[in-house]
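Q: This is entry.pdb (PDB, C-alpha atoms).
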ATOM      1  CA  MET A  27       9.554  -9.521 -16.296
ATOM      2  CA  ARG A  28       6.669 -11.626 -17.488
ATOM      3  CA  VAL A  29       3.086 -10.642 -16.747
ATOM      4  CA  SER A  30       1.161 -13.121 -14.620
ATOM      5  CA  GLN A  31      -2.382 -14.166 -15.390
ATOM      6  CA  TRP A  32      -3.570 -12.416 -12.204
ATOM      7  CA  ALA A  33      -1.900  -9.141 -13.201
ATOM      8  CA  HIS A  34      -3.300  -9.336 -16.726
ATOM      9  CA  ASP A  35      -6.812 -10.119 -15.458
ATOM     10  CA  THR A  36      -6.563  -7.224 -12.973
ATOM     11  CA  PHE A  37      -4.963  -4.465 -15.052
ATOM     12  CA  GLY A  38      -5.071  -5.697 -18.639
ATOM     13  CA  GLN A  39      -2.448  -4.604 -21.162
ATOM     14  CA  ARG A  40      -1.251  -1.753 -18.934
ATOM     15  CA  VAL A  41       0.396  -4.025 -16.364
ATOM     16  CA  PRO A  42       4.003  -2.969 -17.151
ATOM     17  CA  LEU A  43       3.057   0.717 -17.039
ATOM     18  CA  ILE A  44       1.085   0.422 -13.793
ATOM     19  CA  ARG A  45       3.675  -1.807 -12.169
ATOM     20  CA  ALA A  46       6.418   0.703 -12.994
ATOM     21  CA  GLY A  47       4.220   3.534 -11.691
ATOM     22  CA  VAL A  48       3.808   1.778  -8.351
ATOM     23  CA  ALA A  49       7.561   1.231  -8.032
ATOM     24  CA  GLU A  50       8.210   4.880  -8.908
ATOM     25  CA  ALA A  51       5.645   6.115  -6.370
ATOM     26  CA  LEU A  52       7.214   4.050  -3.595
ATOM     27  CA  SER A  53      10.636   5.380  -4.564
ATOM     28  CA  VAL A  54       9.426   8.993  -4.501
ATOM     29  CA  ALA A  55       7.760   8.509  -1.109
ATOM     30  CA  LEU A  56      10.938   7.009   0.313
ATOM     31  CA  GLU A  57      13.129   9.796  -1.088
ATOM     32  CA  ASN A  58      10.818  12.380   0.465
ATOM     33  CA  ALA A  59      10.960  10.569   3.796
ATOM     34  CA  LEU A  60      14.767  10.501   3.693
ATOM     35  CA  ASP A  61      14.787  14.198   2.819
ATOM     36  CA  ALA A  62      12.542  14.979   5.809
ATOM     37  CA  GLN A  63      14.820  12.963   8.078
ATOM     38  CA  LYS A  64      17.885  14.831   6.853
ATOM     39  CA  VAL A  65      16.306  18.248   7.319
ATOM     40  CA  ALA A  66      15.095  17.344  10.830
ATOM     41  CA  GLN A  67      18.680  16.625  11.952
ATOM     42  CA  THR A  68      17.606  14.182  14.625
ATOM     43  CA  ASP A  69      18.628  10.634  15.459
ATOM     44  CA  HIS A  70      14.997   9.733  16.034
ATOM     45  CA  LEU A  71      13.215   8.389  12.961
ATOM     46  CA  HIS A  72       9.854  10.073  13.511
ATOM     47  CA  PRO A  73      10.290  12.477  10.550
ATOM     48  CA  PHE A  74      11.077   9.542   8.249
ATOM     49  CA  GLY A  75       8.118   7.483   9.439
ATOM     50  CA  PHE A  76       5.525  10.266   9.413
ATOM     51  CA  THR A  77       6.567  11.494   5.967
ATOM     52  CA  LEU A  78       6.547   8.002   4.496
ATOM     53  CA  MET A  79       3.090   7.354   5.917
ATOM     54  CA  SER A  80       1.575  10.310   4.081
ATOM     55  CA  ARG A  81       3.681  10.421   0.953
ATOM     56  CA  LYS A  82       3.093   6.811  -0.065
ATOM     57  CA  PHE A  83      -0.591   7.610  -0.689
ATOM     58  CA  GLU A  84       0.089  10.989  -2.302
ATOM     59  CA  ALA A  85       2.833   9.674  -4.561
ATOM     60  CA  LEU A  86       0.531   6.947  -5.866
ATOM     61  CA  ALA A  87      -2.101   9.554  -6.705
ATOM     62  CA  GLU A  88       0.499  11.697  -8.478
ATOM     63  CA  ALA A  89       1.878   8.734 -10.440
ATOM     64  CA  PHE A  90      -1.492   7.927 -11.989
ATOM     65  CA  GLU A  91      -3.238  11.299 -12.066
ATOM     66  CA  ASP A  92      -3.037  11.555 -15.870
ATOM     67  CA  MET A  93      -4.865   8.286 -16.470
ATOM     68  CA  GLY A  94      -8.478   8.802 -17.452
ATOM     69  CA  ASP A  95      -9.901   6.000 -15.324
ATOM     70  CA  VAL A  96      -8.328   7.128 -12.050
ATOM     71  CA  ARG A  97     -10.363   8.368  -9.124
ATOM     72  CA  VAL A  98      -8.859   9.750  -5.917
ATOM     73  CA  VAL A  99     -11.091   9.486  -2.868
ATOM     74  CA  LYS A 100     -10.669  10.597   0.723
ATOM     75  CA  PRO A 101     -12.841   8.702   3.195
ATOM     76  CA  GLY A 102     -14.339  10.965   5.841
ATOM     77  CA  GLY A 103     -12.214  10.933   8.972
ATOM     78  CA  SER A 104      -9.136   9.685   7.114
ATOM     79  CA  GLN A 105      -6.015  11.789   6.622
ATOM     80  CA  HIS A 106      -5.096   9.970   3.425
ATOM     81  CA  GLU A 107      -6.381   9.878  -0.128
ATOM     82  CA  LEU A 108      -6.855   6.527  -1.818
ATOM     83  CA  VAL A 109      -6.328   5.785  -5.507
ATOM     84  CA  VAL A 110      -8.939   3.789  -7.428
ATOM     85  CA  LEU A 111      -7.502   2.795 -10.804
ATOM     86  CA  ASP A 112      -9.910   1.146 -13.236
ATOM     87  CA  GLY A 113     -12.013  -0.112 -10.334
ATOM     88  CA  LYS A 114      -8.998  -1.344  -8.333
ATOM     89  CA  LEU A 115      -8.402   0.373  -4.999
ATOM     90  CA  LEU A 116      -4.637   0.528  -4.388
ATOM     91  CA  PHE A 117      -3.617   0.314  -0.736
ATOM     92  CA  PRO A 118       0.125   0.540   0.089
ATOM     93  CA  PHE A 119       1.548  -0.510   3.451
ATOM     94  CA  ARG A 120       4.979  -1.267   4.880
ATOM     95  CA  TYR A 121       5.084  -4.852   6.050
ATOM     96  CA  ALA A 122       8.731  -4.961   7.172
ATOM     97  CA  LYS A 123      11.805  -2.858   7.839
ATOM     98  CA  ASP A 124      14.229  -5.511   6.595
ATOM     99  CA  ARG A 125      14.274  -8.866   4.812
ATOM    100  CA  SER A 126      13.920 -10.937   7.972
ATOM    101  CA  VAL A 127      10.124 -10.952   7.567
ATOM    102  CA  SER A 128       8.508 -12.856   4.708
ATOM    103  CA  VAL A 129       5.715 -11.113   2.860
ATOM    104  CA  MET A 130       3.681 -14.262   3.403
ATOM    105  CA  SER A 131       3.772 -13.469   7.135
ATOM    106  CA  ALA A 132       2.939  -9.803   6.579
ATOM    107  CA  ARG A 133       0.585  -7.943   8.876
ATOM    108  CA  ILE A 134      -1.132  -4.782   7.753
ATOM    109  CA  GLY A 135       0.002  -2.231  10.328
ATOM    110  CA  ASP A 136       1.872  -2.553  13.613
ATOM    111  CA  GLY A 137      -1.244  -2.750  15.741
ATOM    112  CA  ARG A 138      -4.925  -3.331  15.414
ATOM    113  CA  PRO A 139      -6.152  -2.425  11.911
ATOM    114  CA  SER A 140      -8.115   0.816  11.797
ATOM    115  CA  ALA A 141     -11.832   0.925  11.114
ATOM    116  CA  LEU A 142     -11.055   2.121   7.591
ATOM    117  CA  VAL A 143      -8.705  -0.777   6.857
ATOM    118  CA  GLN A 144     -11.166  -3.320   8.221
ATOM    119  CA  ALA A 145     -13.974  -1.821   6.189
ATOM    120  CA  LEU A 146     -11.892  -1.852   2.997
ATOM    121  CA  PHE A 147     -11.192  -5.555   3.362
ATOM    122  CA  ASN A 148     -14.780  -6.346   4.270
ATOM    123  CA  ARG A 149     -16.253  -4.481   1.320
ATOM    124  CA  PHE A 150     -13.676  -4.848  -1.453
ATOM    125  CA  GLY A 151     -11.410  -7.743  -0.534
ATOM    126  CA  PRO A 152     -11.710 -11.262  -2.007
ATOM    127  CA  GLU A 153     -14.148 -13.807  -0.679
ATOM    128  CA  PRO A 154     -12.670 -15.375   2.475
ATOM    129  CA  ARG A 155     -11.656 -18.997   2.219
ATOM    130  CA  MET A 156     -12.822 -19.675   5.748
ATOM    131  CA  ARG A 157     -15.923 -18.473   7.541
ATOM    132  CA  GLN A 158     -15.258 -15.275   9.474
ATOM    133  CA  LEU A 159     -17.206 -13.105  11.885
ATOM    134  CA  ALA A 160     -19.362 -10.409  10.354
ATOM    135  CA  LEU A 161     -17.934  -6.891  10.406
ATOM    136  CA  HIS A 162     -20.281  -5.742  13.166
ATOM    137  CA  ASP A 163     -19.060  -8.636  15.332
ATOM    138  CA  VAL A 164     -15.359  -7.991  14.708
ATOM    139  CA  ALA A 165     -15.369  -4.193  14.687
ATOM    140  CA  PRO A 166     -18.677  -2.464  15.422
ATOM    141  CA  HIS A 167     -17.022   0.950  14.999
ATOM    142  CA  ALA A 168     -16.155   0.080  11.386
ATOM    143  CA  VAL A 169     -19.756  -0.381  10.259
ATOM    144  CA  PRO A 170     -20.495   3.349   9.637
ATOM    145  CA  VAL A 171     -17.211   3.561   7.743
ATOM    146  CA  ALA A 172     -18.189   0.657   5.514
ATOM    147  CA  GLU A 173     -21.577   2.183   4.834
ATOM    148  CA  ALA A 174     -19.937   5.468   3.810
ATOM    149  CA  LEU A 175     -17.934   3.641   1.157
ATOM    150  CA  GLY A 176     -21.171   3.084  -0.741
ATOM    151  CA  GLU A 177     -20.125   5.765  -3.240
ATOM    152  CA  LEU A 178     -17.659   3.281  -4.687
ATOM    153  CA  PRO A 179     -19.054   0.559  -6.961
ATOM    154  CA  GLU A 180     -19.693  -2.851  -5.438
ATOM    155  CA  ASP A 181     -17.287  -4.490  -7.880
ATOM    156  CA  THR A 182     -14.322  -2.379  -6.695
ATOM    157  CA  ARG A 183     -11.405  -4.668  -5.848
ATOM    158  CA  LEU A 184      -8.838  -4.087  -3.114
ATOM    159  CA  VAL A 185      -5.272  -4.502  -4.378
ATOM    160  CA  LEU A 186      -2.631  -4.483  -1.659
ATOM    161  CA  ILE A 187       0.861  -3.105  -2.208
ATOM    162  CA  ALA A 188       3.195  -4.466   0.463
ATOM    163  CA  TYR A 189       6.751  -3.148   0.664
ATOM    164  CA  ALA A 190       9.802  -3.393   2.898
ATOM    165  CA  CYS A 191      12.168  -0.482   3.458
ATOM    166  CA  ASN A 192      14.243   1.377   6.013
ATOM    167  CA  ALA A 193      16.151   4.647   6.267
ATOM    168  CA  HIS A 194      19.527   2.998   5.642
ATOM    169  CA  ALA A 195      18.989   0.360   2.948
ATOM    170  CA  GLY A 196      16.170   2.115   1.112
ATOM    171  CA  LEU A 197      13.416   0.249  -0.687
ATOM    172  CA  LEU A 198      14.141  -3.469  -0.322
ATOM    173  CA  ASP A 199      11.246  -5.093  -2.125
ATOM    174  CA  ALA A 200       7.619  -4.629  -3.082
ATOM    175  CA  TRP A 201       4.723  -6.998  -3.748
ATOM    176  CA  TRP A 202       1.130  -6.700  -4.857
ATOM    177  CA  GLY A 203      -1.858  -8.972  -4.779
ATOM    178  CA  GLU A 204      -5.094  -9.742  -2.971
ATOM    179  CA  ALA A 205      -5.565 -11.058   0.551
ATOM    180  CA  GLU A 206      -8.145 -11.487   3.263
ATOM    181  CA  LEU A 207      -7.856  -9.967   6.716
ATOM    182  CA  LEU A 208      -7.772 -12.791   9.238
ATOM    183  CA  ASP A 209      -7.904 -11.213  12.672
ATOM    184  CA  ARG A 210      -7.742  -8.108  14.869
ATOM    185  CA  LEU A 211      -3.926  -8.169  14.674
ATOM    186  CA  GLY A 212      -3.850  -7.485  10.951
ATOM    187  CA  SER A 213      -2.753 -10.967   9.847
ATOM    188  CA  LEU A 214      -3.327 -11.700   6.170
ATOM    189  CA  ARG A 215      -4.068 -14.751   4.062
ATOM    190  CA  TRP A 216      -2.840 -14.073   0.555
ATOM    191  CA  HIS A 217      -5.008 -15.295  -2.310
ATOM    192  CA  HIS A 218      -2.384 -14.057  -4.731
ATOM    193  CA  CYS A 219       0.921 -12.271  -4.146
ATOM    194  CA  GLU A 220       3.679 -11.481  -6.618
ATOM    195  CA  GLN A 221       6.776  -9.354  -6.616
ATOM    196  CA  ILE A 222       6.974  -5.926  -8.217
ATOM    197  CA  PRO A 223      10.340  -5.448  -9.992
ATOM    198  CA  LEU A 224      12.383  -2.576  -8.644
ATOM    199  CA  THR A 225      15.159  -0.710 -10.418
ATOM    200  CA  GLN A 226      18.305   0.666  -8.860
ATOM    201  CA  GLU A 227      16.681   4.096  -9.066
ATOM    202  CA  ALA A 228      13.775   2.761  -6.998
ATOM    203  CA  GLY A 229      16.185   2.210  -4.114
ATOM    204  CA  ALA A 230      16.525  -1.566  -4.396
ATOM    205  CA  PRO A 231      19.616  -3.576  -5.262
ATOM    206  CA  ALA A 232      19.326  -5.929  -8.215
ATOM    207  CA  ARG A 233      18.228  -9.391  -7.148
ATOM    208  CA  GLY A 234      18.507 -12.706  -8.883
ATOM    209  CA  ASP A 235      14.977 -13.845  -8.157
ATOM    210  CA  SER A 236      12.829 -11.935 -10.630
ATOM    211  CA  ALA A 237       9.386 -12.841  -9.399
ATOM    212  CA  ALA A 238       7.487 -15.143  -7.164
ATOM    213  CA  ALA A 239       3.825 -15.911  -7.030
ATOM    214  CA  PHE A 240       1.824 -17.468  -4.245
ATOM    215  CA  ASP A 241      -1.616 -18.922  -4.109
ATOM    216  CA  GLN A 242      -2.925 -18.769  -0.849
ATOM    217  CA  GLY A 243      -8.252 -12.120   0.395
ATOM    218  CA  VAL A 244     -11.803  -9.402   2.559
ATOM    219  CA  LEU A 245     -13.633  -6.946   5.128
ATOM    220  CA  PRO A 246     -13.161  -2.410   4.863
ATOM    221  CA  ALA A 247     -14.451   2.061   6.073
ATOM    222  CA  PRO A 248     -16.692   7.061   6.230
ATOM    223  CA  GLU A 249     -17.751   9.716   3.005
ATOM    224  CA  LEU A 250     -15.734  10.097  -0.159
ATOM    225  CA  ASN A 251     -14.526  13.307  -1.722
ATOM    226  CA  PRO A 252     -12.847  13.056  -5.143
ATOM    227  CA  ARG A 253     -10.079  15.574  -5.692
ATOM    228  CA  THR A 254      -8.262  16.717  -8.784
ATOM    229  CA  GLY A 255      -4.539  16.346  -9.328
ATOM    230  CA  ALA A 256      -4.069  20.109  -8.997
ATOM    231  CA  ALA A 257      -5.383  20.011  -5.457
ATOM    232  CA  ARG A 258      -2.698  17.644  -4.308
ATOM    233  CA  ARG A 259       0.607  18.814  -2.918
ATOM    234  CA  THR A 260       3.586  18.793  -5.264
ATOM    235  CA  PRO A 261       6.343  16.542  -3.903
ATOM    236  CA  PRO A 262       9.665  18.079  -2.885
ATOM    237  CA  SER A 263      11.954  18.662  -5.840
ATOM    238  CA  ALA A 264      15.252  18.389  -4.008
ATOM    239  CA  GLU A 265      17.136  15.120  -4.215
ATOM    240  CA  PRO A 266      17.574  13.625  -0.733
ATOM    241  CA  THR A 267      21.053  13.103   0.637
ATOM    242  CA  PRO A 268      21.623   9.541   1.917
ATOM    243  CA  LEU A 269      21.846   9.288   5.676
ATOM    244  CA  ARG A 270      25.323   8.793   7.113
ATOM    245  CA  ARG A 271      25.838   5.635   9.073
ATOM    246  CA  GLY A 272      25.168   6.244  12.725
ATOM    247  CA  THR A 273      22.787   9.153  12.254
ATOM    248  CA  ALA A 274      19.718   7.058  12.853
ATOM    249  CA  ARG A 275      19.186   4.045  15.075
ATOM    250  CA  GLY A 276      16.311   2.281  13.346
ATOM    251  CA  ALA A 277      14.112   2.159  10.314
TER     252      ALA A 277
END
Could I get this structure in the form of C-alpha cells?
A:
Amino acid sequence: MRVSQWAHDTFGQRVPLIRAGVAEALSVALENALDAQKVAQTDHLHPFGFTLMSRKFEALAEAFEDMGDVRVVKPGGSQHELVVLDGKLLFPFRYAKDRSVSVMSARIGDGRPSALVQALFNRFGPEPRMRQLALHDVAPHAVPVAEALGELPEDTRLVLIAYACNAHAGLLDAWWGEAELLDRLGSLRWHHCEQIPLTQEAGAPARGDSAAAFDQGVLPAPELNPRTGAARRTPPSAEPTPLRRGTARGA
C-alpha cells in the first residue's frame, strides 16, 4: 500500500512500520475483548466492551514501547494511558459496530465527549476551518484538564485512529488522520482521513479497495505521569475462541 503525503509528513520513513503496529494493536485489543467475553459466559456484551475500551490504549503502548521516541502519559483523572510517538498523540476510538456507518460521519464516543477528549482536540488538534467557541464557552470543566496537559510540547499533534468492529465479525476496518471536533455530540470534520490496511490476522477480511483519502481537525484535557513499558500489564497469552453464533446479541 502506497504511503500518502500526509502519512509521510506525519511519521516519516517509518510509516509502514507504525501503520502495521497500529493494526496489530487493534487486533490484540479485539482478541483480548473476545477472550474476556468467552470467559464471562454471558449473552450480554459488557465484558467485550469494557475490555476493548481499556486494551486498545494498552495495546498501542505495548506495540511501540521499544521505540526510542515514544512517551506514555496518563492524564490525571483518566483511567487510560496515551501514546505520544514522535510528537504525535495517538487516540483510538470505535466509530461503528458495522459497515453501515461511514467514517466520514464518525462521532468520537456514543455521548458527549469527555473533558479529556475536548481538551485534546482544543490543544493538539488541527486549526478549525470555521470559527468555534472557545473551550471555556463549550466546556468550562475541560479548562483545568487542558492546562494540565502543559507538560506536553505545544507542537504535539493529535492523530485519531478510528475503527469499526464487533464481537461477531471482528475488526472490520481502521482509519487514521486528523480532524476537528465540531460540537458537544462528538461530530468530527476530517482534515485528512485514510484507511489503515488490515491483514486477515488483524481480524478483517481482504477488501478490494486498498485505500481512500479524504480532504475535509481541534480542542483537548489533567497531570501527566510517564510510565515505563515494564509497568504496563502484559496482555493475555491465550488465543481467544471465536464466539458461537447466538451467544451474543450485539457488538
Q: Taking 6 positions as the minimum chain separation for residues in the same chain, which residues sit within 12 Å of Val127 in chain A when counting only C-alpha atoms? Answer as a list in words.
A: Arg120, Tyr121, Arg133, Ala188, Tyr189, Ala190, Cys191, Leu198 and Asp199 of chain A
Q: One decimal, in Å: what's the spacing between CA of Leu146 in chain A and CA of Arg183 in chain A?
A: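 Taking CA of Leu146 in chain A as the start and CA of Arg183 in chain A as the end point, the length is 9.3 Å.
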Q: Would you mind telling me which residue in A:Val65, A:Leu60, A:Gly113, A:Val54 lies nearest to Glu84 in chain A when using all atoms listed in the file?
A: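 Looking only at the distances to Glu84 in chain A, the closest residue turns out to be A:Val54.
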Q: Could you tell me which of A:Leu186, A:Ala205, A:Ala193, A:Val98 comes closest to Gly75 in chain A if we count all atoms listed in the file?
A: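 Going through A:Leu186, A:Ala205, A:Ala193, A:Val98 one by one, the smallest distance to Gly75 in chain A is for A:Ala193.
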Q: Evaluate the PyMOL selection byres ((chain A and resi 76-78) around 10) against this structure - the residues, as a list in words, please.
A: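 Selected by the PyMOL selection byres ((chain A and resi 76-78) around 10) here: Leu52, Val54, Ala55, Leu56, Glu57, Asn58, Ala59, Leu60, Asp61, Ala62, Gln63, Leu71, His72, Pro73, Phe74, Gly75, Met79, Ser80, Arg81, Lys82, Phe83, Glu84, Ala85, Phe119 and Arg120 of chain A.
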Q: Put those residues in a file: C-alpha atoms, as an mmCIF file, in the coordinates of the input.
A:
data_model
loop_
_atom_site.group_PDB
_atom_site.id
_atom_site.type_symbol
_atom_site.label_atom_id
_atom_site.label_comp_id
_atom_site.auth_asym_id
_atom_site.auth_seq_id
_atom_site.Cartn_x
_atom_site.Cartn_y
_atom_site.Cartn_z
ATOM 1 C CA LEU A 52 7.214 4.050 -3.595
ATOM 2 C CA VAL A 54 9.426 8.993 -4.501
ATOM 3 C CA ALA A 55 7.760 8.509 -1.109
ATOM 4 C CA LEU A 56 10.938 7.009 0.313
ATOM 5 C CA GLU A 57 13.129 9.796 -1.088
ATOM 6 C CA ASN A 58 10.818 12.380 0.465
ATOM 7 C CA ALA A 59 10.960 10.569 3.796
ATOM 8 C CA LEU A 60 14.767 10.501 3.693
ATOM 9 C CA ASP A 61 14.787 14.198 2.819
ATOM 10 C CA ALA A 62 12.542 14.979 5.809
ATOM 11 C CA GLN A 63 14.820 12.963 8.078
ATOM 12 C CA LEU A 71 13.215 8.389 12.961
ATOM 13 C CA HIS A 72 9.854 10.073 13.511
ATOM 14 C CA PRO A 73 10.290 12.477 10.550
ATOM 15 C CA PHE A 74 11.077 9.542 8.249
ATOM 16 C CA GLY A 75 8.118 7.483 9.439
ATOM 17 C CA MET A 79 3.090 7.354 5.917
ATOM 18 C CA SER A 80 1.575 10.310 4.081
ATOM 19 C CA ARG A 81 3.681 10.421 0.953
ATOM 20 C CA LYS A 82 3.093 6.811 -0.065
ATOM 21 C CA PHE A 83 -0.591 7.610 -0.689
ATOM 22 C CA GLU A 84 0.089 10.989 -2.302
ATOM 23 C CA ALA A 85 2.833 9.674 -4.561
ATOM 24 C CA PHE A 119 1.548 -0.510 3.451
ATOM 25 C CA ARG A 120 4.979 -1.267 4.880
#
Q: Let me make sure I understand: among A:Ser53, A:Pro42, A:Glu180, A:His218, which one has the smallest atom-to-atom distance to Met27 in chain A if we use all atoms listed in the file?
A: A:Pro42
Q: Closest to Arg215 in chain A among A:Leu197, A:Ile134, A:Val96, A:Ala145, using all atoms listed in the file?
A: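 Checking each of A:Leu197, A:Ile134, A:Val96, A:Ala145 against Arg215 in chain A, counting all atoms listed in the file, the winner is A:Ile134.
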Q: Rounded to one decimal, what separation in Å do you get between CA of Asp181 in chain A and CA of Gly151 in chain A?
A: 10.0 Å
Q: Using all atoms listed in the file, which residue out of A:Leu86, A:Val143, A:Val41, A:Met93 lies closest to Leu211 in chain A?
A: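 Using all atoms listed in the file, Leu211 in chain A sits closest to A:Val143.
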Q: Please provide as a ChimeraX atom specification all residues within 12 Å of range 28-40 of chain A, with the sequence filter that same-chain residues fewer than 6 positions apart are discarded (counting all atoms listed in the file).
A: /A:46-47,90,93,95,110-116,182-185,201-204,217-223,236-241
Q: Counting all atoms listed in the file, which of A:Ala195, A:Leu142, A:Leu214, A:Ala51 gets nearest to Ser128 in chain A?
A: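 Of A:Ala195, A:Leu142, A:Leu214, A:Ala51, the one nearest Ser128 in chain A is A:Leu214, counting all atoms listed in the file.
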Q: Which value, in Å to one decimal, gives the distance between CA of Arg45 in chain A and CA of Met130 in chain A?
A: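 For CA of Arg45 in chain A relative to CA of Met130 in chain A, the distance reads 19.9 Å.
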